[in-house]
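Below: upload00.cif (mmCIF, C-alpha atoms and all ligand atoms)
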```
data_run
loop_
_atom_site.label_atom_id
_atom_site.label_comp_id
_atom_site.auth_asym_id
_atom_site.auth_seq_id
_atom_site.Cartn_x
_atom_site.Cartn_y
_atom_site.Cartn_z
CA MET S 323 22.44 9.13 38.98
CA ALA S 324 19.49 6.82 38.78
CA PHE S 325 16.14 8.04 39.94
CA ARG S 326 12.60 6.85 39.65
CA ARG S 327 9.44 8.77 39.05
CA HIS S 328 6.04 8.46 37.52
CA LEU S 329 5.07 10.20 34.37
CA ARG S 330 1.61 10.83 33.09
CA VAL S 331 1.33 10.94 29.37
CA GLY S 332 -1.84 12.04 27.70
CA SER S 333 -2.13 10.33 24.38
CA ASP S 334 -5.16 8.60 23.02
CA HIS S 335 -4.88 6.05 20.31
CA ALA S 336 -8.32 5.29 19.04
CA SER S 337 -8.79 1.82 17.70
CA GLN S 338 -9.54 1.38 14.04
CA SER S 339 -12.00 -1.31 13.19
CA GLY S 340 -11.29 -3.40 10.15
CA VAL S 341 -7.54 -3.37 10.71
CA ARG S 342 -5.96 -6.78 11.10
CA TRP S 343 -5.11 -7.42 14.71
CA THR S 344 -1.38 -7.85 14.09
CA MET S 345 -1.11 -4.43 12.47
CA HIS S 346 -3.44 -3.04 15.10
CA GLU S 347 -1.12 -4.02 17.97
CA ILE S 348 2.10 -3.18 16.13
CA SER S 349 0.95 0.28 15.05
CA PHE S 350 -0.28 0.95 18.58
CA CYS S 351 3.15 -0.03 19.98
CA GLU S 352 4.88 2.16 17.41
CA GLY S 353 2.76 5.05 18.62
CA ILE S 354 3.78 4.29 22.21
CA ARG S 355 7.44 4.15 21.22
CA THR S 356 7.20 7.58 19.59
CA VAL S 357 5.60 9.03 22.72
CA ILE S 358 8.23 7.42 24.97
CA GLU S 359 11.13 8.67 22.86
CA ASP S 360 9.72 12.20 22.83
CA GLN S 361 9.32 12.04 26.61
CA ALA S 362 12.85 10.65 27.05
CA LYS S 363 14.20 13.77 25.31
CA THR S 364 12.04 16.36 27.05
CA GLN S 365 12.06 14.72 30.52
CA SER S 366 15.63 13.38 30.17
CA PHE S 367 15.46 9.79 31.35
CA ASP S 368 17.50 6.88 30.00
CA ARG S 369 15.35 3.90 30.61
CA VAL S 370 11.72 2.91 31.10
CA THR S 371 11.36 0.12 33.65
CA THR S 372 7.59 -0.27 33.75
CA ILE S 373 4.83 0.95 31.49
CA ARG S 374 1.13 0.77 32.30
CA LEU S 375 -1.38 0.79 29.50
CA GLU S 376 -5.11 1.26 29.73
CA ILE S 377 -6.88 -1.03 27.31
CA GLY S 378 -10.59 -0.53 26.74
CA ARG S 379 -12.74 -3.64 26.52
CA PHE S 380 -14.06 -2.54 23.13
CA SER S 381 -10.65 -1.91 21.62
CA CYS S 382 -10.34 -5.42 20.14
CA VAL S 383 -6.79 -5.79 21.43
CA GLU S 384 -5.35 -9.27 21.73
CA LYS S 385 -3.27 -9.04 24.90
CA SER S 386 -0.87 -11.80 23.89
CA ALA S 387 -0.38 -10.10 20.51
CA LEU S 388 0.16 -6.78 22.24
CA ASP S 389 2.75 -8.33 24.57
CA PHE S 390 4.58 -9.78 21.59
CA ALA S 391 4.37 -6.58 19.53
CA PHE S 392 5.55 -4.50 22.50
CA ASP S 393 8.73 -6.57 22.94
CA ALA S 394 9.46 -6.46 19.22
CA VAL S 395 8.78 -2.74 18.73
CA MET S 396 10.64 -1.56 21.88
CA LYS S 397 13.90 -3.35 20.96
CA GLY S 398 16.68 -0.79 20.75
CA SER S 399 14.60 1.93 22.43
CA VAL S 400 14.74 3.28 26.00
CA ALA S 401 11.83 0.96 26.77
CA GLU S 402 13.57 -2.26 25.73
CA GLY S 403 12.89 -4.91 28.38
CA ALA S 404 10.37 -2.73 30.24
CA ALA S 405 7.62 -4.53 32.12
CA LEU S 406 4.28 -4.11 30.38
CA ILE S 407 1.21 -3.94 32.60
CA MET S 408 -2.19 -3.89 30.91
CA ILE S 409 -5.13 -2.41 32.78
CA ASP S 410 -8.63 -3.35 31.64
CA VAL S 411 -10.98 -0.42 31.25
CA PRO S 412 -14.66 -1.39 31.03
CA GLY S 413 -16.65 -0.16 28.10
CA ARG S 414 -19.67 2.09 28.57
CA ALA S 415 -22.79 2.13 26.49
CA MET S 416 -26.11 3.92 26.38
CA CYS S 417 -29.12 1.61 26.66
CA TYR S 418 -32.10 2.76 24.60
CA ASP S 419 -34.49 0.52 26.54
CA CYS S 420 -33.88 1.83 30.06
CA LEU S 421 -32.15 5.07 28.96
CA GLN S 422 -29.18 4.59 31.23
CA GLU S 423 -25.47 4.56 30.63
CA VAL S 424 -24.19 1.15 31.71
CA GLU S 425 -20.84 -0.63 31.99
CA LEU S 426 -20.21 -3.50 29.60
CA ASN S 427 -17.42 -6.06 29.38
CA ASP S 428 -18.30 -6.95 25.83
CA ARG S 429 -19.50 -4.74 23.02
CA LEU S 430 -22.21 -7.26 22.14
CA ALA S 431 -23.43 -7.85 25.69
CA GLN S 432 -26.99 -7.10 26.79
CA CYS S 433 -27.85 -4.30 29.18
CA PRO S 434 -26.96 -5.49 32.71
CA ASP S 435 -29.93 -3.56 34.13
CA CYS S 436 -32.83 -4.40 31.85
CA GLY S 437 -31.52 -7.06 29.45
CA GLY S 438 -32.08 -4.73 26.52
CA GLU S 439 -30.12 -5.21 23.33
CA LYS S 440 -30.30 -1.72 21.87
CA LEU S 441 -27.00 -0.38 23.15
CA MET S 442 -24.86 2.37 21.71
CA PRO S 443 -21.20 2.27 22.84
CA VAL S 444 -20.07 5.63 24.20
CA SER S 445 -16.58 4.75 25.40
CA GLY S 446 -14.31 1.76 25.84
CA ASP S 447 -12.08 1.75 22.79
CA VAL S 448 -9.35 3.66 24.62
CA MET S 449 -5.75 2.49 24.27
CA ARG S 450 -3.34 4.74 26.08
CA ILE S 451 -0.37 5.05 28.36
CA LYS S 452 -1.56 5.49 31.93
CA ASN S 453 1.89 6.08 33.36
CA MET S 454 5.42 4.81 33.32
CA GLU S 455 8.30 4.32 35.69
CA VAL S 456 11.59 5.61 34.42
CA GLU S 457 15.14 5.98 35.65
ZN ZN E 1 -31.10 -1.16 29.82
#
```
Reformat the file's structure so that it appears as structure tokens.
Ligand SMILES: [Zn+2]
Amino acid sequence: MAFRRHLRVGSDHASQSGVRWTMHEISFCEGIRTVIEDQAKTQSFDRVTTIRLEIGRFSCVEKSALDFAFDAVMKGSVAEGAALIMIDVPGRAMCYDCLQEVELNDRLAQCPDCGGEKLMPVSGDVMRIKNMEVE
């Protein structure tokens, strides 16, 4: 019997700076595959039809590379052929000029409020599964 439902999976994969982007995307996808296969056993589903990933703006992910890596890594798994939907998550940084936490689309951007350049990223390198549709 086929059925559909949404799963929430809490798993954070922090980005590692200095890693070549190809390895970065492939190792991220391998992490996703491990999570999916664990979930397939414990939640007993046979196929993933759609997977939604949250990708932080500071995570340095190449979306085209991630798309490619996803297809390659999921071959032969329950997520083979699943639709991959990437959701942009803005980065957040603390501005030391106006002492506010602000949203940034780029790690090197200036403060949108005061134009200051002394910004300390506080979040935005998230890469995680938001949810998936399975049957
Ligand atoms: Zn500012």
Between S:Ile407, S:Val400, S:Leu421, S:Arg450, single out the one closest to Cys436 (chain S), counting all atoms listed in the file.
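Closest to Cys436 (chain S), using all atoms listed in the file: S:Leu421.
Identified as lying at most 6 Å from ligand ZN 1 (chain E) when counting only C-alpha atoms and all ligand atoms are the residues Cys417, Asp419, Cys420, Cys433, Asp435, Cys436, Gly437 and Gly438 of chain S.
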Residue neighbourhood Asp410 (chain S), 8 Å, all atoms listed in the file, exclusion window fewer than 3 positions, as number ranges by chain
S: 376-379
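One finds CA of Ser366 (chain S) at 13.4 Å from CA of Ala401 (chain S).
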Nearest residue to Asp447 (chain S) from the set S:Met416, S:Val357, S:Ile373, S:Cys382 (distances using only C-alpha atoms):
S:Cys382
Between S:His346, S:Lys452, S:Arg414, S:Arg374, single out the one closest to Ala391 (chain S), counting all atoms listed in the file.
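Checking each of S:His346, S:Lys452, S:Arg414, S:Arg374 against Ala391 (chain S), counting all atoms listed in the file, the winner is S:His346.
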In Å, how far is it from CA of Glu359 (chain S) to CA of Ser399 (chain S)?
7.6 Å
Find, counting all atoms listed in the file, the residue in S:Glu425, S:Pro412, S:Met442, S:Ile451 that gets nearest to Phe380 (chain S).
S:Pro412
Each side padded by 6 Å, which centre and which edge lengths in Å (one decimal) define the axis-aligned box around the listed atoms of region 399-402 of chain S? Give them as JSON.
```
{"center_x": 13.3, "center_y": 0.5, "center_z": 24.6, "size_x": 14.9, "size_y": 17.5, "size_z": 16.3}
```
Could you add N, CA and C atoms to region 365-389 of chain S and give me the result as a PDB file, in the frame of the given file?
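File result-v1.pdb, as written:
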```pdb
ATOM      1  N   GLN S 365      11.998  14.943  29.070  1.00  0.00           N
ATOM      2  CA  GLN S 365      12.060  14.720  30.520  1.00  0.00           C
ATOM      3  C   GLN S 365      13.413  14.153  30.943  1.00  0.00           C
ATOM      4  N   SER S 366      14.290  13.947  29.980  1.00  0.00           N
ATOM      5  CA  SER S 366      15.630  13.380  30.170  1.00  0.00           C
ATOM      6  C   SER S 366      15.697  12.190  31.135  1.00  0.00           C
ATOM      7  N   PHE S 367      15.225  11.064  30.655  1.00  0.00           N
ATOM      8  CA  PHE S 367      15.460   9.790  31.350  1.00  0.00           C
ATOM      9  C   PHE S 367      16.078   8.823  30.345  1.00  0.00           C
ATOM     10  N   ASP S 368      16.747   7.793  30.868  1.00  0.00           N
ATOM     11  CA  ASP S 368      17.500   6.880  30.000  1.00  0.00           C
ATOM     12  C   ASP S 368      16.808   5.552  29.779  1.00  0.00           C
ATOM     13  N   ARG S 369      15.917   5.221  30.703  1.00  0.00           N
ATOM     14  CA  ARG S 369      15.350   3.900  30.610  1.00  0.00           C
ATOM     15  C   ARG S 369      13.934   3.898  31.195  1.00  0.00           C
ATOM     16  N   VAL S 370      13.055   3.140  30.561  1.00  0.00           N
ATOM     17  CA  VAL S 370      11.720   2.910  31.100  1.00  0.00           C
ATOM     18  C   VAL S 370      11.734   1.517  31.718  1.00  0.00           C
ATOM     19  N   THR S 371      11.345   1.431  32.989  1.00  0.00           N
ATOM     20  CA  THR S 371      11.360   0.120  33.650  1.00  0.00           C
ATOM     21  C   THR S 371       9.989  -0.546  33.613  1.00  0.00           C
ATOM     22  N   THR S 372       8.945   0.268  33.743  1.00  0.00           N
ATOM     23  CA  THR S 372       7.590  -0.270  33.750  1.00  0.00           C
ATOM     24  C   THR S 372       6.689   0.674  32.969  1.00  0.00           C
ATOM     25  N   ILE S 373       5.801   0.112  32.194  1.00  0.00           N
ATOM     26  CA  ILE S 373       4.830   0.950  31.490  1.00  0.00           C
ATOM     27  C   ILE S 373       3.450   0.349  31.702  1.00  0.00           C
ATOM     28  N   ARG S 374       2.506   1.219  32.062  1.00  0.00           N
ATOM     29  CA  ARG S 374       1.130   0.770  32.300  1.00  0.00           C
ATOM     30  C   ARG S 374       0.241   1.314  31.195  1.00  0.00           C
ATOM     31  N   LEU S 375      -0.480   0.408  30.584  1.00  0.00           N
ATOM     32  CA  LEU S 375      -1.380   0.790  29.500  1.00  0.00           C
ATOM     33  C   LEU S 375      -2.815   0.531  29.890  1.00  0.00           C
ATOM     34  N   GLU S 376      -3.669   1.471  29.556  1.00  0.00           N
ATOM     35  CA  GLU S 376      -5.110   1.260  29.730  1.00  0.00           C
ATOM     36  C   GLU S 376      -5.665   0.736  28.411  1.00  0.00           C
ATOM     37  N   ILE S 377      -6.343  -0.392  28.502  1.00  0.00           N
ATOM     38  CA  ILE S 377      -6.880  -1.030  27.310  1.00  0.00           C
ATOM     39  C   ILE S 377      -8.395  -1.168  27.474  1.00  0.00           C
ATOM     40  N   GLY S 378      -9.134  -0.459  26.679  1.00  0.00           N
ATOM     41  CA  GLY S 378     -10.590  -0.530  26.740  1.00  0.00           C
ATOM     42  C   GLY S 378     -11.093  -1.888  26.261  1.00  0.00           C
ATOM     43  N   ARG S 379     -12.179  -2.330  26.864  1.00  0.00           N
ATOM     44  CA  ARG S 379     -12.740  -3.640  26.520  1.00  0.00           C
ATOM     45  C   ARG S 379     -13.241  -3.700  25.079  1.00  0.00           C
ATOM     46  N   PHE S 380     -13.531  -2.553  24.499  1.00  0.00           N
ATOM     47  CA  PHE S 380     -14.060  -2.540  23.130  1.00  0.00           C
ATOM     48  C   PHE S 380     -12.952  -2.326  22.090  1.00  0.00           C
ATOM     49  N   SER S 381     -11.716  -2.302  22.537  1.00  0.00           N
ATOM     50  CA  SER S 381     -10.650  -1.910  21.620  1.00  0.00           C
ATOM     51  C   SER S 381     -10.169  -3.064  20.732  1.00  0.00           C
ATOM     52  N   CYS S 382     -10.679  -4.266  20.976  1.00  0.00           N
ATOM     53  CA  CYS S 382     -10.340  -5.420  20.140  1.00  0.00           C
ATOM     54  C   CYS S 382      -8.856  -5.761  20.189  1.00  0.00           C
ATOM     55  N   VAL S 383      -8.218  -5.486  21.307  1.00  0.00           N
ATOM     56  CA  VAL S 383      -6.790  -5.790  21.430  1.00  0.00           C
ATOM     57  C   VAL S 383      -6.622  -7.221  21.929  1.00  0.00           C
ATOM     58  N   GLU S 384      -5.762  -7.960  21.256  1.00  0.00           N
ATOM     59  CA  GLU S 384      -5.350  -9.270  21.730  1.00  0.00           C
ATOM     60  C   GLU S 384      -4.169  -9.033  22.656  1.00  0.00           C
ATOM     61  N   LYS S 385      -4.346  -9.369  23.954  1.00  0.00           N
ATOM     62  CA  LYS S 385      -3.270  -9.040  24.900  1.00  0.00           C
ATOM     63  C   LYS S 385      -1.981  -9.793  24.588  1.00  0.00           C
ATOM     64  N   SER S 386      -2.097 -11.049  24.177  1.00  0.00           N
ATOM     65  CA  SER S 386      -0.870 -11.800  23.890  1.00  0.00           C
ATOM     66  C   SER S 386      -0.173 -11.203  22.678  1.00  0.00           C
ATOM     67  N   ALA S 387      -0.965 -10.749  21.696  1.00  0.00           N
ATOM     68  CA  ALA S 387      -0.380 -10.100  20.510  1.00  0.00           C
ATOM     69  C   ALA S 387       0.264  -8.775  20.897  1.00  0.00           C
ATOM     70  N   LEU S 388      -0.381  -8.071  21.816  1.00  0.00           N
ATOM     71  CA  LEU S 388       0.160  -6.780  22.240  1.00  0.00           C
ATOM     72  C   LEU S 388       1.484  -6.971  22.987  1.00  0.00           C
ATOM     73  N   ASP S 389       1.534  -7.992  23.844  1.00  0.00           N
ATOM     74  CA  ASP S 389       2.750  -8.330  24.570  1.00  0.00           C
ATOM     75  C   ASP S 389       3.901  -8.589  23.589  1.00  0.00           C
TER      76      ASP S 389
END
```
